[in-house]
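Below is one structure; the comments refer to it alone.
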Amino acid sequence: MPDWIEAARTACLMHGMADKLGVTPTAALADGRLNQAGLDDMVARCRSCAKSDDCILWMVDHATGATAAPDYCLNREELQALRG
């Protein structure tokens, strides 16, 4: 799979997880709670995760939202902090 496709897939997973938690990374960028380097780090952590299939299944199981990311999520703490 080309690198740019994998990068886009990962960004979609990270944004999908954020959405399930009620977090909007672009809003966090706009209001200063997150900077571009922090967002890039979150996407990079997501990309290094070996549990993308589990992530997809978790998001399907939590279609109406969740209060916390799963324990295996490499961005769990960051997403929780952005929830406020």
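All residue names refer to the structure tokens as shown: chains lettered A, B, ... in order, residues numbered from 1 in each chain, ligands numbered from 1 in order.
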
Exercise for the section: Pick out the residues sitting within 6 Å of range 16-24 of chain A, and hand them over as a VMD selection string; count only C-alpha atoms, and ignore anything fewer than 5 positions along from it in its own chain. Expected result: chain A and resid 65 to 67 83

Practice task
Run DSSP on the backbone of this structure and report the residues of chain A it assigns to alpha helix (DSSP H), as a VMD selection string.
Solution key: chain A and resid 3 to 20 25 to 30 36 to 48 52 to 61 76 to 83

Exercise for the section: Skip Cys55 in chain A itself and residues of its chain fewer than 2 positions away, then list as number ranges by chain all residues within 10 Å of it, counting only C-alpha atoms. Expected result: A: 13-14, 16-17, 46, 49-53, 57-61, 69-70, 72-73

Generate the output file for the selected residues, N, CA and C atoms, as a short mmCIF file (atom, residue, chain, number, x, y, z; two decimals), in the first residue's frame.
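Full text of again27.cif as output:
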data_model
loop_
_atom_site.label_atom_id
_atom_site.label_comp_id
_atom_site.auth_asym_id
_atom_site.auth_seq_id
_atom_site.Cartn_x
_atom_site.Cartn_y
_atom_site.Cartn_z
N LEU A 13 -8.52 6.85 11.14
CA LEU A 13 -8.72 6.09 12.38
C LEU A 13 -8.58 6.99 13.60
N MET A 14 -7.56 7.83 13.60
CA MET A 14 -7.33 8.71 14.75
C MET A 14 -8.49 9.70 14.90
N GLY A 16 -11.50 9.25 13.75
CA GLY A 16 -12.68 8.47 14.11
C GLY A 16 -12.74 8.19 15.60
N MET A 17 -11.62 7.84 16.18
CA MET A 17 -11.55 7.60 17.63
C MET A 17 -11.87 8.89 18.37
N CYS A 46 -0.72 6.72 16.19
CA CYS A 46 -1.76 5.87 15.65
C CYS A 46 -1.19 4.99 14.53
N CYS A 49 0.59 1.91 15.68
CA CYS A 49 -0.20 0.95 16.44
C CYS A 49 -0.44 -0.33 15.62
N ALA A 50 -0.36 -1.46 16.28
CA ALA A 50 -0.59 -2.75 15.64
C ALA A 50 -2.03 -3.22 15.81
N LYS A 51 -2.89 -2.38 16.36
CA LYS A 51 -4.26 -2.80 16.67
C LYS A 51 -5.30 -2.05 15.85
N SER A 52 -4.99 -1.72 14.61
CA SER A 52 -5.94 -0.96 13.80
C SER A 52 -7.24 -1.74 13.57
N ASP A 53 -7.15 -3.04 13.39
CA ASP A 53 -8.38 -3.83 13.21
C ASP A 53 -9.23 -3.79 14.47
N LEU A 57 -13.12 -2.24 14.98
CA LEU A 57 -14.20 -2.99 15.64
C LEU A 57 -14.70 -2.25 16.88
N TRP A 58 -13.79 -1.63 17.64
CA TRP A 58 -14.19 -0.87 18.82
C TRP A 58 -15.08 0.30 18.42
N MET A 59 -14.71 0.99 17.34
CA MET A 59 -15.52 2.12 16.90
C MET A 59 -16.90 1.67 16.44
N VAL A 60 -16.99 0.52 15.80
CA VAL A 60 -18.29 -0.01 15.39
C VAL A 60 -19.12 -0.33 16.63
N ASP A 61 -18.50 -0.93 17.64
CA ASP A 61 -19.20 -1.28 18.88
C ASP A 61 -19.62 -0.05 19.68
N ALA A 69 -11.16 6.18 25.36
CA ALA A 69 -10.60 5.29 24.35
C ALA A 69 -10.24 3.96 25.00
N PRO A 70 -10.12 2.91 24.21
CA PRO A 70 -9.73 1.62 24.78
C PRO A 70 -8.32 1.69 25.36
N TYR A 72 -5.73 0.00 24.90
CA TYR A 72 -4.61 -0.19 23.97
C TYR A 72 -4.36 1.04 23.09
N CYS A 73 -5.24 2.02 23.13
CA CYS A 73 -5.08 3.20 22.27
C CYS A 73 -3.84 4.00 22.68
#

Problem - Top pick for closest residue to Arg45 in chain A, considering A:Ala63, A:Ala28, A:Gly84, A:Glu78 and counting only C-alpha atoms - result: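 Smallest distance to Arg45 in chain A is found for A:Glu78.
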
Exercise for the section: Could you check which of A:Ala7, A:Ala68, A:Val43, A:Ala30 is closest to Ala81 in chain A, using only C-alpha atoms? Expected result: A:Ala68

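Our summary of the geometry notes that CA of Asp71 in chain A is positioned 21.0 Å from CA of Asp40 in chain A.
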
Problem - Gap from CA of Gln36 in chain A to CA of Asp54 in chain A - Å, one decimal - result: 26.6 Å
